[in-house]
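*Asks:* Before I ask anything, let me first share the structure, which is written out below as structure tokens.
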Amino acid sequence: MLDQFIDLVGDRNALAIGGAAIGVVFGALAQRSRFCLRAATLEVAHGQLGERLAIWLFVFSSALIATQALILLGLFDTGTVRQLNNRGSLSGAIVGGLLFGCGMALTRACGSRMLVLSATGNLRALLSGLVFAVIAQMSRDGGLSPLRAAIDDLWTIDASSRDMIAMFHMGHSGALLFGALWLALGVFIAVRRRLRPSTWLAAAGVGATVAAAWAFNYAMSINSFEPTSVHSLSFTSPSADVLMYALSPPGTPPSFDLALIPGVFVGSFLAAAFSGDLKLEGFHDGESMRRYIAGGSLMGFGGILAGGCAVGAGVSGASVFAVTAWIVLWSMWIGAVLTDRLVDQKKLWGLGHVVA
């Protein structure tokens, strides 16, 4: 069926349509569930096991379970996945994750949440997202790329050392069970906090889109005549791609990532419009603007350095059990918690006096 679709619309258009469709679903469900890694980390930092942590656990665990189930069913193979088959950087994972986590705390949103909030009328998120995309492009291909490469090269590991499933001899069934344990924790917190079942389902659906992206891009790599990268959802490099697409002359071929970002924006907007959540929100003062610009900058550089954002590394990369992705995830948690304590709780650096 997929090969017939490719014959009908062409390889590149098929990738773009798939990216847009998955993006719309992700955006709508992320808006309804209020999924955000930053919100979950701060609940833990404040000693709470709250609903935002439960939502993140539903997303995280459902992505792990669905991805591992696809592998067990033979619908996805990690043989060409970049996070498992290329040289990795532990220094990039640690430093990039910490910087991204710091930026998350300052902007009060992770990368995907900024995009979702922008679609609902939040101008703070829109400015942060634009800064995020600009710095990401500079870090990947521009003036900041030498610094990023230098940090990357400080501590590297071979591809043979990046697969946690092989490292711990757990097998894909064991990995699926591991995801189920995180799901059980999410259910426990959700029941305790009386989280609505519709929110459970929306959060689980967000995680399922990560597995859907893996399956779609893998299937395209098999059926397409064009070389296709097997990857899932991420928002750092795709944001930079969309920025350059908007600034470059016409003619850039469509791709999964180029269509993903506008797809998420449209899905979020439609979900917010349907539920009456569209609301124009701006900055309170110049000090708050400084905070969001600083946060977006840290996230842009940190996301490229880490090889992914809170979704790209923290969920997509973690779902295939890439060592570096798990290190990035924990580094993001640490960076966000430390920044919250230093900036918002102790009011240091003049960036804490901001109303969210």
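Within each chain, counting starts at residue 1; across the structure tokens, chains are named A, B, ... in the order shown, with ligands numbered 1 upward in that order.
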Per residue of range 45-78 of chain A within 12 Å of range 228-252 of chain A, what are the shortest atom pair and its distance in Å to one decimal, counting only C-alpha atoms, with rows by chain and residue number, as CSV?
*Replies:*
```
residue,atom,partner,partner_atom,distance
A:Ala63,CA,A:Ser232,CA,10.6
A:Thr67,CA,A:Ser232,CA,10.3
A:Phe76,CA,A:Val230,CA,9.6
A:Asp77,CA,A:Val230,CA,9.3
A:Thr78,CA,A:Val230,CA,8.3
```
*Asks:* Kindly provide the residues of range 6-77 of chain A that approach range 120-141 of chain A to within 12 Å, each paired with its closest atom pair and their distance in Å to one decimal, based on only C-alpha atoms, listed by chain and increasing number, as a Markdown table.
*Replies:*
```
| residue | atom | partner | partner_atom | distance |
| --- | --- | --- | --- | --- |
| A:Gly27 | CA | A:Thr120 | CA | 10.8 |
| A:Ala28 | CA | A:Thr120 | CA | 11.0 |
| A:Ala30 | CA | A:Thr120 | CA | 11.9 |
| A:Gln31 | CA | A:Thr120 | CA | 8.8 |
| A:Arg32 | CA | A:Thr120 | CA | 11.5 |
| A:Arg34 | CA | A:Thr120 | CA | 12.0 |
```
*Asks:* What residues in range 40-262 of chain A get the DSSP label strand (DSSP E)? Please answer as a list of chain:residue names.
*Replies:* A:Gly88, A:Ser89, A:Thr156, A:Ile157
*Asks:* By how many Å are CA of Gly276 in chain A and CA of Val264 in chain A apart?
*Replies:*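 Pair CA of Gly276 in chain A / CA of Val264 in chain A returns 17.9 Å.
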*Asks:* I need the helix (DSSP H, G or I) residues of range 135-330 of chain A per DSSP on the backbone, written as a ChimeraX atom specification.
*Replies:* /A:135-141,145-152,159-161,164-167,171-192,197-223,236-247,256-275,286-306,312-319,323-330
*Asks:* With only C-alpha atoms counted and 9 Å as the cut-off, give the residues of range 290-313 of chain A in contact with range 145-168 of chain A, each with its shortest interatomic distance in Å and the pair that gives it, as JSON lines.
*Replies:*
```
{"residue": "A:Phe301", "atom": "CA", "partner": "A:Arg148", "partner_atom": "CA", "distance": 7.7}
{"residue": "A:Gly302", "atom": "CA", "partner": "A:Arg148", "partner_atom": "CA", "distance": 8.9}
{"residue": "A:Ile304", "atom": "CA", "partner": "A:Arg148", "partner_atom": "CA", "distance": 8.0}
{"residue": "A:Leu305", "atom": "CA", "partner": "A:Arg148", "partner_atom": "CA", "distance": 5.9}
{"residue": "A:Ala306", "atom": "CA", "partner": "A:Asp152", "partner_atom": "CA", "distance": 8.6}
```
*Asks:* Quick one: everything within 7 Å of range 98-103 of chain A, counting only C-alpha atoms, minus sequence neighbours fewer than 3 positions away in the same chain. Send it as a PyMOL selection string.
*Replies:* chain A and resi 94-95+106-107+295-296+298-299+302-303+331-336+339
*Asks:* Let me see the file: selected residues, N, CA and C atoms, as a tab-separated table (two decimals), in the first residue's frame.
*Replies:*
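Saved file selection.tsv follows:
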```tsv
chain	number	residue	atom	x	y	z
A	94	ILE	N	26.20	15.28	27.79
A	94	ILE	CA	26.15	15.85	29.14
A	94	ILE	C	26.02	17.37	29.10
A	95	VAL	N	26.95	18.03	28.39
A	95	VAL	CA	26.94	19.49	28.35
A	95	VAL	C	25.69	20.00	27.63
A	106	LEU	N	14.25	28.39	31.98
A	106	LEU	CA	14.13	29.83	31.75
A	106	LEU	C	12.96	30.18	30.84
A	107	THR	N	12.72	29.38	29.80
A	107	THR	CA	11.62	29.66	28.87
A	107	THR	C	10.30	29.08	29.36
A	295	GLY	N	16.98	31.75	27.54
A	295	GLY	CA	16.56	30.35	27.56
A	295	GLY	C	16.51	29.74	26.18
A	296	GLY	N	15.95	30.46	25.21
A	296	GLY	CA	15.90	29.95	23.84
A	296	GLY	C	17.28	29.73	23.25
A	298	LEU	N	20.10	29.01	24.97
A	298	LEU	CA	20.68	27.81	25.60
A	298	LEU	C	20.08	26.54	25.02
A	299	MET	N	18.78	26.56	24.77
A	299	MET	CA	18.13	25.38	24.21
A	299	MET	C	18.60	25.11	22.78
A	302	GLY	N	22.26	23.86	23.10
A	302	GLY	CA	22.26	22.59	23.81
A	302	GLY	C	21.60	21.48	23.05
A	303	GLY	N	20.51	21.79	22.33
A	303	GLY	CA	19.80	20.76	21.57
A	303	GLY	C	20.64	20.18	20.45
A	331	SER	N	20.56	14.58	32.01
A	331	SER	CA	21.23	15.88	32.09
A	331	SER	C	20.23	17.01	31.98
A	332	MET	N	19.21	16.85	31.14
A	332	MET	CA	18.16	17.86	31.03
A	332	MET	C	17.42	18.03	32.36
A	333	TRP	N	17.11	16.91	33.00
A	333	TRP	CA	16.44	16.97	34.29
A	333	TRP	C	17.30	17.74	35.30
A	334	ILE	N	18.58	17.40	35.35
A	334	ILE	CA	19.49	18.05	36.30
A	334	ILE	C	19.61	19.54	36.01
A	335	GLY	N	19.80	19.90	34.74
A	335	GLY	CA	19.93	21.30	34.37
A	335	GLY	C	18.69	22.11	34.71
A	336	ALA	N	17.52	21.54	34.47
A	336	ALA	CA	16.27	22.26	34.76
A	336	ALA	C	16.08	22.44	36.25
A	339	THR	N	18.61	25.06	37.62
A	339	THR	CA	18.24	26.42	37.20
A	339	THR	C	17.04	26.92	37.97
```
